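Enquirer: This is input_2.txt, which holds compact mmCIF, C-alpha atoms and all ligand atoms:
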```txt
# COMPACT_ATOMS: atom_id res chain seq x y z
CA MET A 7 5.73 59.40 1.41
CA ALA A 8 5.02 57.03 -1.47
CA ILE A 9 4.41 53.35 -0.92
CA THR A 10 7.45 51.27 -1.74
CA THR A 11 7.46 47.75 -3.10
CA PRO A 12 10.30 45.31 -3.63
CA LYS A 13 11.98 45.84 -7.00
CA TYR A 14 10.90 42.36 -8.09
CA ILE A 15 7.26 43.46 -7.75
CA SER A 16 7.58 46.80 -9.53
CA GLU A 17 9.40 45.05 -12.38
CA LEU A 18 6.68 42.40 -12.83
CA GLU A 19 4.74 42.42 -16.11
CA PRO A 20 1.06 41.65 -15.47
CA TYR A 21 -0.49 38.62 -17.17
CA GLN A 22 -2.08 39.48 -20.53
CA GLY A 23 -5.20 37.43 -21.16
CA GLY A 24 -7.23 37.07 -24.33
CA ARG A 25 -9.31 40.19 -24.98
CA PRO A 26 -12.88 39.91 -23.66
CA ILE A 27 -15.71 39.96 -26.24
CA LYS A 28 -17.45 42.95 -24.64
CA GLU A 29 -14.27 45.02 -24.62
CA VAL A 30 -13.68 44.42 -28.34
CA SER A 31 -17.35 45.10 -29.03
CA ARG A 32 -17.17 48.49 -27.21
CA GLU A 33 -13.95 49.42 -28.91
CA LEU A 34 -14.75 48.44 -32.48
CA GLY A 35 -18.52 48.96 -32.44
CA ILE A 36 -19.13 45.32 -33.49
CA PRO A 37 -22.19 43.72 -31.82
CA ALA A 38 -20.99 41.23 -29.17
CA GLY A 39 -23.01 38.44 -30.83
CA LYS A 40 -20.98 38.83 -34.02
CA ILE A 41 -17.61 38.48 -32.30
CA VAL A 42 -15.78 35.14 -32.30
CA LYS A 43 -13.36 34.72 -29.41
CA LEU A 44 -10.62 32.21 -30.12
CA ALA A 45 -8.13 33.67 -27.68
CA SER A 46 -8.24 31.88 -24.32
CA ASN A 47 -8.44 28.13 -25.03
CA GLU A 48 -11.97 27.90 -23.63
CA ASN A 49 -14.42 25.14 -24.52
CA PRO A 50 -16.58 26.57 -27.35
CA LEU A 51 -19.35 24.08 -26.48
CA GLY A 52 -19.80 25.80 -23.10
CA VAL A 53 -20.53 23.51 -20.15
CA SER A 54 -22.33 20.19 -20.15
CA PRO A 55 -26.14 20.65 -19.82
CA LYS A 56 -26.04 18.40 -16.73
CA VAL A 57 -23.52 20.73 -15.11
CA LYS A 58 -25.61 23.75 -16.04
CA SER A 59 -28.60 22.37 -14.20
CA VAL A 60 -26.65 21.80 -10.95
CA ILE A 61 -25.24 25.30 -11.27
CA ASP A 62 -28.76 26.71 -11.54
CA ALA A 63 -29.85 24.81 -8.43
CA SER A 64 -26.74 25.76 -6.43
CA VAL A 65 -27.59 29.46 -6.45
CA ASN A 66 -29.84 28.89 -3.41
CA GLU A 67 -26.77 28.10 -1.31
CA ILE A 68 -24.54 31.04 -2.08
CA HIS A 69 -25.32 32.99 1.09
CA ARG A 70 -23.32 30.30 2.93
CA TYR A 71 -19.56 29.98 2.90
CA PRO A 72 -18.43 27.06 0.79
CA ASP A 73 -16.85 23.97 2.35
CA GLY A 74 -13.30 25.25 2.76
CA ASN A 75 -11.96 21.71 2.51
CA GLY A 76 -13.99 20.78 -0.57
CA TYR A 77 -14.83 17.39 0.96
CA TYR A 78 -17.21 16.13 -1.72
CA LEU A 79 -15.17 17.35 -4.67
CA LYS A 80 -11.99 15.80 -3.29
CA LEU A 81 -13.93 12.59 -2.77
CA ALA A 82 -15.15 12.67 -6.38
CA ILE A 83 -11.63 13.31 -7.73
CA SER A 84 -10.14 10.63 -5.49
CA LYS A 85 -12.69 8.04 -6.65
CA LYS A 86 -12.33 8.88 -10.32
CA PHE A 87 -8.54 8.64 -10.31
CA SER A 88 -7.95 6.14 -7.46
CA LEU A 89 -6.27 8.68 -5.20
CA LYS A 90 -6.59 9.52 -1.52
CA PRO A 91 -8.46 12.76 -0.71
CA GLU A 92 -5.40 13.78 1.35
CA GLN A 93 -3.36 13.85 -1.86
CA ILE A 94 -5.58 16.56 -3.35
CA ILE A 95 -5.63 20.34 -3.02
CA LEU A 96 -8.31 22.45 -4.69
CA GLY A 97 -7.62 25.80 -6.30
CA ASN A 98 -9.32 28.89 -7.65
CA GLY A 99 -8.37 27.73 -11.13
CA SER A 100 -5.23 25.66 -11.60
CA ASN A 101 -3.48 29.03 -11.67
CA ASP A 102 -4.08 29.12 -7.89
CA ILE A 103 -2.40 25.71 -7.55
CA LEU A 104 0.68 26.92 -9.45
CA GLU A 105 0.91 29.98 -7.24
CA LEU A 106 0.32 28.07 -3.99
CA ALA A 107 3.05 25.59 -4.93
CA ALA A 108 5.47 28.45 -5.54
CA ARG A 109 4.56 30.20 -2.29
CA THR A 110 4.98 26.98 -0.33
CA VAL A 111 8.47 26.07 -1.49
CA LEU A 112 10.18 29.31 -2.55
CA SER A 113 12.11 32.02 -0.75
CA PRO A 114 13.56 35.13 -2.42
CA GLY A 115 16.69 34.23 -4.40
CA ASP A 116 15.71 30.60 -5.01
CA GLU A 117 15.73 29.38 -8.61
CA VAL A 118 12.85 28.03 -10.66
CA ILE A 119 13.24 26.30 -14.03
CA TYR A 120 10.73 26.41 -16.88
CA SER A 121 10.90 26.29 -20.65
CA LYS A 122 11.48 29.45 -22.68
CA HIS A 123 8.04 29.25 -24.32
CA ALA A 124 6.10 27.85 -21.35
CA PHE A 125 2.88 29.12 -19.74
CA ALA A 126 3.35 32.77 -18.64
CA VAL A 127 2.11 32.26 -15.09
CA TYR A 128 5.26 30.30 -14.13
CA GLU A 129 7.34 33.43 -14.52
CA ILE A 130 4.83 35.63 -12.70
CA VAL A 131 4.51 33.40 -9.62
CA THR A 132 8.30 33.00 -9.50
CA LYS A 133 9.09 36.69 -9.71
CA ALA A 134 6.29 37.68 -7.32
CA ILE A 135 8.25 35.90 -4.58
CA GLY A 136 11.60 37.40 -5.53
CA ALA A 137 12.79 34.04 -6.84
CA VAL A 138 14.76 33.78 -10.06
CA GLY A 139 13.41 32.15 -13.23
CA LYS A 140 15.80 30.10 -15.38
CA LYS A 141 14.50 29.48 -18.88
CA ALA A 142 15.48 26.22 -20.55
CA ILE A 143 16.37 26.39 -24.24
CA PRO A 144 13.56 24.61 -26.11
CA GLU A 145 13.71 21.83 -28.70
CA ASP A 146 13.75 22.88 -32.37
CA ASN A 147 9.99 22.29 -32.42
CA PHE A 148 9.62 24.81 -29.53
CA GLY A 149 8.79 22.07 -27.01
CA HIS A 150 10.38 21.38 -23.61
CA ASN A 151 13.94 20.09 -23.80
CA LEU A 152 14.32 18.24 -20.51
CA ASN A 153 18.09 17.78 -20.95
CA GLU A 154 18.40 21.56 -20.92
CA PHE A 155 16.31 21.62 -17.73
CA LEU A 156 18.77 19.20 -16.09
CA LYS A 157 21.71 21.42 -17.08
CA LEU A 158 20.11 24.39 -15.29
CA ILE A 159 19.68 22.62 -11.96
CA SER A 160 21.82 24.21 -9.23
CA LYS A 161 21.94 24.18 -5.43
CA LYS A 162 19.46 27.07 -5.51
CA THR A 163 16.84 25.25 -7.62
CA LYS A 164 13.65 24.59 -5.63
CA LEU A 165 10.95 24.28 -8.24
CA ILE A 166 10.48 23.12 -11.84
CA PHE A 167 7.38 23.82 -13.93
CA ILE A 168 6.54 21.60 -16.89
CA ALA A 169 3.37 22.02 -18.95
CA ASN A 170 2.25 18.88 -20.74
CA PRO A 171 0.77 19.63 -23.25
CA ASN A 172 2.39 23.04 -23.21
CA ASN A 173 0.65 26.34 -23.84
CA PRO A 174 1.23 28.15 -26.21
CA THR A 175 3.25 25.63 -28.24
CA GLY A 176 0.97 22.59 -27.83
CA ASN A 177 3.88 20.11 -27.60
CA LEU A 178 3.60 16.89 -25.64
CA ILE A 179 6.51 15.22 -23.86
CA GLU A 180 6.74 11.44 -24.13
CA LYS A 181 6.16 9.53 -20.90
CA SER A 182 9.53 7.76 -21.08
CA LYS A 183 11.34 11.11 -21.30
CA LEU A 184 9.41 12.48 -18.34
CA LEU A 185 10.14 9.42 -16.23
CA ASN A 186 13.81 9.52 -17.13
CA PHE A 187 13.85 13.20 -16.19
CA LEU A 188 12.13 12.60 -12.85
CA SER A 189 14.67 9.92 -11.98
CA LYS A 190 17.47 12.48 -12.43
CA VAL A 191 15.97 15.46 -10.57
CA PRO A 192 17.19 15.78 -6.96
CA LYS A 193 14.40 14.85 -4.55
CA ASN A 194 14.45 18.22 -2.77
CA ILE A 195 13.20 19.97 -5.92
CA LEU A 196 9.44 20.15 -6.46
CA VAL A 197 8.41 19.27 -10.03
CA VAL A 198 4.99 20.65 -10.98
CA LEU A 199 3.54 18.88 -13.99
CA ASP A 200 0.81 21.12 -15.37
CA GLU A 201 -1.79 19.02 -17.19
CA ALA A 202 -4.45 21.67 -17.90
CA TYR A 203 -5.11 20.15 -21.36
CA ASP A 204 -4.94 16.43 -20.52
CA GLU A 205 -8.64 15.83 -21.32
CA TYR A 206 -7.94 16.71 -24.96
CA LEU A 207 -5.41 13.91 -25.37
CA SER A 208 -6.26 10.65 -27.10
CA ASP A 209 -6.39 7.61 -24.82
CA ASP A 210 -2.91 6.41 -25.78
CA CYS A 211 -1.37 9.83 -25.03
CA LYS A 212 -3.16 10.54 -21.74
CA SER A 213 -1.05 11.20 -18.69
CA GLN A 214 -0.27 8.37 -16.30
CA ALA A 215 1.51 10.67 -13.89
CA PHE A 216 -0.88 9.94 -10.99
CA ASN A 217 0.69 6.46 -10.99
CA TRP A 218 4.16 7.95 -10.57
CA LEU A 219 3.35 9.73 -7.30
CA SER A 220 4.22 6.80 -5.05
CA GLU A 221 7.75 6.75 -6.43
CA TYR A 222 8.26 10.51 -6.80
CA LYS A 223 7.26 12.36 -3.63
CA ASN A 224 8.61 15.58 -5.18
CA LEU A 225 6.07 15.45 -8.04
CA MET A 226 2.84 17.44 -8.09
CA ILE A 227 0.31 17.35 -10.91
CA SER A 228 -2.08 20.22 -11.60
CA ARG A 229 -5.34 19.87 -13.50
CA SER A 230 -7.93 22.40 -14.62
CA PHE A 231 -11.70 22.52 -15.07
CA SER A 232 -11.30 25.59 -17.33
CA LYS A 233 -10.55 23.82 -20.58
CA ALA A 234 -12.44 20.68 -21.70
CA HIS A 235 -14.79 20.90 -18.68
CA GLY A 236 -15.84 24.38 -19.81
CA LEU A 237 -15.76 26.00 -16.36
CA ALA A 238 -13.20 28.76 -16.96
CA GLY A 239 -15.48 31.46 -15.52
CA LEU A 240 -16.01 29.60 -12.25
CA ARG A 241 -12.27 29.28 -11.56
CA ILE A 242 -11.56 25.77 -10.42
CA GLY A 243 -8.61 23.41 -10.64
CA TYR A 244 -6.72 21.00 -8.41
CA GLY A 245 -3.31 19.68 -7.54
CA VAL A 246 -2.34 16.12 -6.66
CA GLY A 247 0.80 15.13 -4.79
CA ASP A 248 2.32 13.50 -1.77
CA GLU A 249 0.14 13.93 1.34
CA ARG A 250 2.90 15.72 3.24
CA LEU A 251 3.42 18.22 0.43
CA ILE A 252 -0.34 18.79 0.03
CA ASN A 253 -0.62 19.36 3.77
CA LEU A 254 2.05 22.07 3.54
CA ILE A 255 0.43 23.75 0.54
CA ASN A 256 -2.90 23.68 2.33
CA ARG A 257 -1.48 26.04 4.98
CA VAL A 258 -0.81 28.77 2.43
CA ARG A 259 -4.18 28.97 0.70
CA GLN A 260 -7.11 31.24 1.49
CA PRO A 261 -9.63 29.47 3.76
CA PHE A 262 -12.39 29.51 1.12
CA ASN A 263 -10.40 29.62 -2.11
CA VAL A 264 -12.92 27.60 -4.14
CA ASN A 265 -16.50 28.85 -4.32
CA TYR A 266 -19.54 26.66 -3.76
CA ILE A 267 -20.91 26.78 -7.30
CA ALA A 268 -17.54 25.76 -8.71
CA GLN A 269 -17.36 22.79 -6.34
CA VAL A 270 -20.77 21.37 -7.24
CA ALA A 271 -20.25 22.06 -10.94
CA ALA A 272 -16.89 20.26 -10.92
CA ILE A 273 -18.38 17.20 -9.18
CA GLU A 274 -21.07 16.94 -11.84
CA SER A 275 -18.62 17.56 -14.65
CA LEU A 276 -16.39 14.70 -13.48
CA ARG A 277 -19.41 12.40 -13.96
CA ASP A 278 -20.13 13.53 -17.49
CA ASP A 279 -17.56 11.63 -19.55
CA GLU A 280 -19.78 11.90 -22.61
CA PHE A 281 -19.45 15.68 -22.66
CA ILE A 282 -15.66 15.47 -22.43
CA LYS A 283 -15.65 12.91 -25.24
CA LYS A 284 -17.79 15.18 -27.40
CA SER A 285 -15.55 18.17 -26.62
CA ARG A 286 -12.47 16.18 -27.55
CA SER A 287 -13.84 14.88 -30.85
CA MET A 288 -15.06 18.35 -31.81
CA ASN A 289 -11.59 19.66 -31.00
CA ASP A 290 -9.96 16.94 -33.14
CA GLU A 291 -12.22 17.86 -36.06
CA GLY A 292 -11.58 21.59 -35.67
CA LYS A 293 -7.85 20.99 -35.45
CA LYS A 294 -7.91 19.21 -38.81
CA GLN A 295 -9.95 22.06 -40.29
CA LEU A 296 -7.43 24.69 -39.14
CA GLU A 297 -4.34 22.66 -40.02
CA GLN A 298 -5.68 22.28 -43.53
CA VAL A 299 -5.99 26.04 -44.04
CA PHE A 300 -2.50 26.66 -42.64
CA ARG A 301 -1.12 24.14 -45.14
CA GLU A 302 -3.12 25.66 -47.96
CA GLN A 303 -1.91 29.17 -47.05
CA LYS A 304 1.66 27.93 -46.53
CA ILE A 305 1.61 29.20 -42.96
CA GLN A 306 3.93 27.28 -40.65
CA PHE A 307 2.22 26.01 -37.47
CA ILE A 308 3.24 23.98 -34.44
CA PRO A 309 1.30 20.68 -34.36
CA SER A 310 -0.67 20.87 -31.13
CA TYR A 311 -1.96 18.39 -28.56
CA GLY A 312 -4.17 21.07 -26.98
CA ASN A 313 -7.29 22.98 -28.05
CA PHE A 314 -5.28 25.70 -29.80
CA ILE A 315 -2.66 26.11 -32.52
CA SER A 316 0.19 28.61 -32.70
CA PHE A 317 1.09 29.67 -36.22
CA ASN A 318 4.04 31.58 -37.60
CA LEU A 319 3.64 34.63 -39.82
CA GLU A 320 7.37 35.15 -40.40
CA ASP A 321 7.83 38.40 -38.51
CA GLU A 322 6.24 40.48 -35.76
CA SER A 323 4.87 43.22 -37.98
CA LYS A 324 3.12 40.71 -40.26
CA SER A 325 1.70 38.85 -37.28
CA MET A 326 0.32 42.15 -35.91
CA MET A 327 -1.20 42.94 -39.31
CA TYR A 328 -2.94 39.56 -39.34
CA TYR A 329 -4.05 40.11 -35.74
CA GLN A 330 -5.57 43.51 -36.54
CA HIS A 331 -7.18 42.22 -39.73
CA LEU A 332 -8.84 39.37 -37.81
CA LEU A 333 -9.87 41.71 -34.97
CA LYS A 334 -11.43 44.22 -37.38
CA ASN A 335 -13.51 41.34 -38.68
CA GLY A 336 -14.63 40.38 -35.17
CA ILE A 337 -12.22 37.49 -34.58
CA ILE A 338 -10.11 37.62 -31.45
CA VAL A 339 -6.93 35.52 -31.45
CA ARG A 340 -3.88 35.84 -29.22
CA PRO A 341 -0.54 37.50 -30.00
CA ILE A 342 2.18 35.61 -28.15
CA SER A 343 5.16 37.96 -28.21
CA ASN A 344 5.14 37.77 -24.38
CA TYR A 345 6.06 34.09 -24.89
CA GLU A 346 9.05 35.19 -26.95
CA LEU A 347 7.24 34.12 -30.11
CA PRO A 348 6.58 37.55 -31.69
CA SER A 349 6.02 36.29 -35.22
CA PHE A 350 3.32 33.86 -34.03
CA LEU A 351 -0.38 34.13 -33.24
CA ARG A 352 -2.30 31.52 -31.26
CA VAL A 353 -5.81 30.52 -32.23
CA SER A 354 -8.09 28.44 -30.01
CA ILE A 355 -10.09 25.77 -31.78
CA GLY A 356 -13.73 26.78 -31.91
CA LEU A 357 -17.06 25.49 -33.18
CA ARG A 358 -17.17 24.65 -36.87
CA ASN A 359 -18.77 28.00 -37.80
CA GLU A 360 -16.26 29.89 -35.63
CA ASN A 361 -13.37 28.09 -37.33
CA ASP A 362 -14.99 28.87 -40.69
CA ALA A 363 -15.06 32.60 -39.81
CA PHE A 364 -11.38 32.49 -38.81
CA ILE A 365 -10.49 30.63 -42.02
CA LYS A 366 -12.44 33.07 -44.18
CA HIS A 367 -10.48 36.01 -42.82
CA ILE A 368 -7.13 34.22 -42.88
CA ARG A 369 -7.79 33.66 -46.57
CA SER A 370 -8.90 37.28 -47.15
CA PHE A 371 -5.72 38.80 -45.67
CA LYS A 372 -3.79 40.80 -48.27
C1 LIG B 401 -0.76 25.36 -19.37
C2 LIG B 401 -1.77 26.06 -18.53
N1 LIG B 401 -1.79 25.85 -17.22
C3 LIG B 401 -2.66 26.46 -16.42
C4 LIG B 401 -3.60 27.34 -16.92
C5 LIG B 401 -4.49 28.05 -15.96
O1 LIG B 401 -5.81 27.71 -16.13
P1 LIG B 401 -6.89 27.89 -15.00
O2 LIG B 401 -6.31 28.75 -13.93
O3 LIG B 401 -8.03 28.51 -15.67
O4 LIG B 401 -7.16 26.49 -14.49
C6 LIG B 401 -3.63 27.61 -18.29
C7 LIG B 401 -4.58 28.58 -18.84
O5 LIG B 401 -4.55 28.99 -19.96
C8 LIG B 401 -2.69 26.96 -19.12
O6 LIG B 401 -2.67 27.18 -20.43
```
Starting from the file, give its structure as structure tokens.
Expert:
Amino acid sequence: MAITTPKYISELEPYQGGRPIKEVSRELGIPAGKIVKLASNENPLGVSPKVKSVIDASVNEIHRYPDGNGYYLKLAISKKFSLKPEQIILGNGSNDILELAARTVLSPGDEVIYSKHAFAVYEIVTKAIGAVGKKAIPEDNFGHNLNEFLKLISKKTKLIFIANPNNPTGNLIEKSKLLNFLSKVPKNILVVLDEAYDEYLSDDCKSQAFNWLSEYKNLMISRSFSKAHGLAGLRIGYGVGDERLINLINRVRQPFNVNYIAQVAAIESLRDDEFIKKSRSMNDEGKKQLEQVFREQKIQFIPSYGNFISFNLEDESKSMMYYQHLLKNGIIVRPISNYELPSFLRVSIGLRNENDAFIKHIRSFK
């Protein structure tokens, strides 16, 4: 007899990531060193040299289990952001945090609200539990429309996901709008504010949501070390919320969900503000470089607060032609039809020479 699964599992679409360099190299016969990957919003600078040296040294410890409670990393996060360690949960990437939050609060049939063009994982973690996703109609600029979120709230709503800045659209929600929204959401609904790209924001735009936690016990903030910190391959992120909520989420996670190397690397990375500053200014420069070519080519794009830009090529077939043309020339970008934006592609901002390669082949498209 065949194995059976709930219908909500067999109907799930797996997450589609950016294509790995080696896979494209094998398939197209292009040497891996000649391929430019601008498809997963990684930090093109790599990791800070200081972090690299602690990673090298940490290899001697990997025969031991890591500290399942991540004591020193929680301490480092709590000191940096004036939080209590008990308010923090560590995750195998912030993806883990999103999933743990969903598994902690949802039962089959419950409702979860997210924006129509929001990060794909919200839908996956919702459906994997048999809960029901409700997609809020976006603003005209594709960003989150929080009034539409409020309209979707029902007795069954248990969870709301908000990405700020959002991926793949790059929009940022103003603080006053977020606060107004939080004041209107019933307190039994968990609001997860996903701030994976916060480090890329200028000082005046940076999140202040940690300061809102004392008033909003139903708020949880997730952060990632995969983006500006350059640790995507180590898988590490964290969530911050009310101690009682964090205590509940802590019961659901794997005992050793964050590996040792990731923990020591993250501690060191939190100390290296210079590297984050450098990553941000390089990103700002690259963003200007790419925006300029989109304007020159009369390609519509969504102004982005992240380390990526989504741009509109009018229809799906043209966007696939651009995608294939770039790929053939060794440049991997990301189609985003799974985000209901089939005429768009998303490009991550790279090093100057990587952006130059992208620009050259955008210009050479016929
Ligand atoms: C908005 C957003 N949240 C969360 C993540 C998950 O990142 P990670 O699990 O690597 O921390 C991503 C990754 O692309 C993202 O774009």
Enquirer: Using all atoms listed in the file, can you tell me which of A:Tyr345, A:Phe155, A:Tyr203, A:Tyr77 comes closest to Tyr128 (chain A)?
Expert: A:Tyr345
Enquirer: Take every atom of ligand LIG 401 (chain B) listed in the file, fit an axis-aligned box around them, add 3 Å per side, and give the centre and edge lengths in Å to one decimal as lines of an AutoDock Vina configuration file.
Expert:
```
center_x = -4.4
center_y = 27.2
center_z = -17.2
size_x = 13.3
size_y = 9.6
size_z = 12.5
```
Enquirer: Check every protein, DNA and RNA residue against ligand LIG 401 (chain B), keep those with an atom at most 9 Å away (counting only C-alpha atoms and all ligand atoms), and present them as a ChimeraX atom specification.
Expert: /A:23,46-48,97-104,124-128,168-174,200-203,228-233,237-244
Enquirer: Looking at only C-alpha atoms, which of A:Tyr120, A:Phe350, A:Tyr266, A:Phe87 is the one that sits closest to Lys164 (chain A)?
Expert: A:Tyr120
Enquirer: Please provide the set of residues having any atom within 12 Å of Phe371 (chain A), restricted to all atoms listed in the file, with same-chain residues fewer than 4 positions apart removed, written as a list of chain:residue names.
Expert: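 Skipping anything fewer than 4 positions along the chain leaves A:Gln303, A:Leu319, A:Lys324, A:Ser325, A:Met326, A:Met327, A:Tyr328, A:Tyr329, A:Gln330, A:His331, A:Leu332, A:Leu333, A:Lys334, A:Asn335, A:Phe364, A:Ile365, A:Lys366, A:His367.
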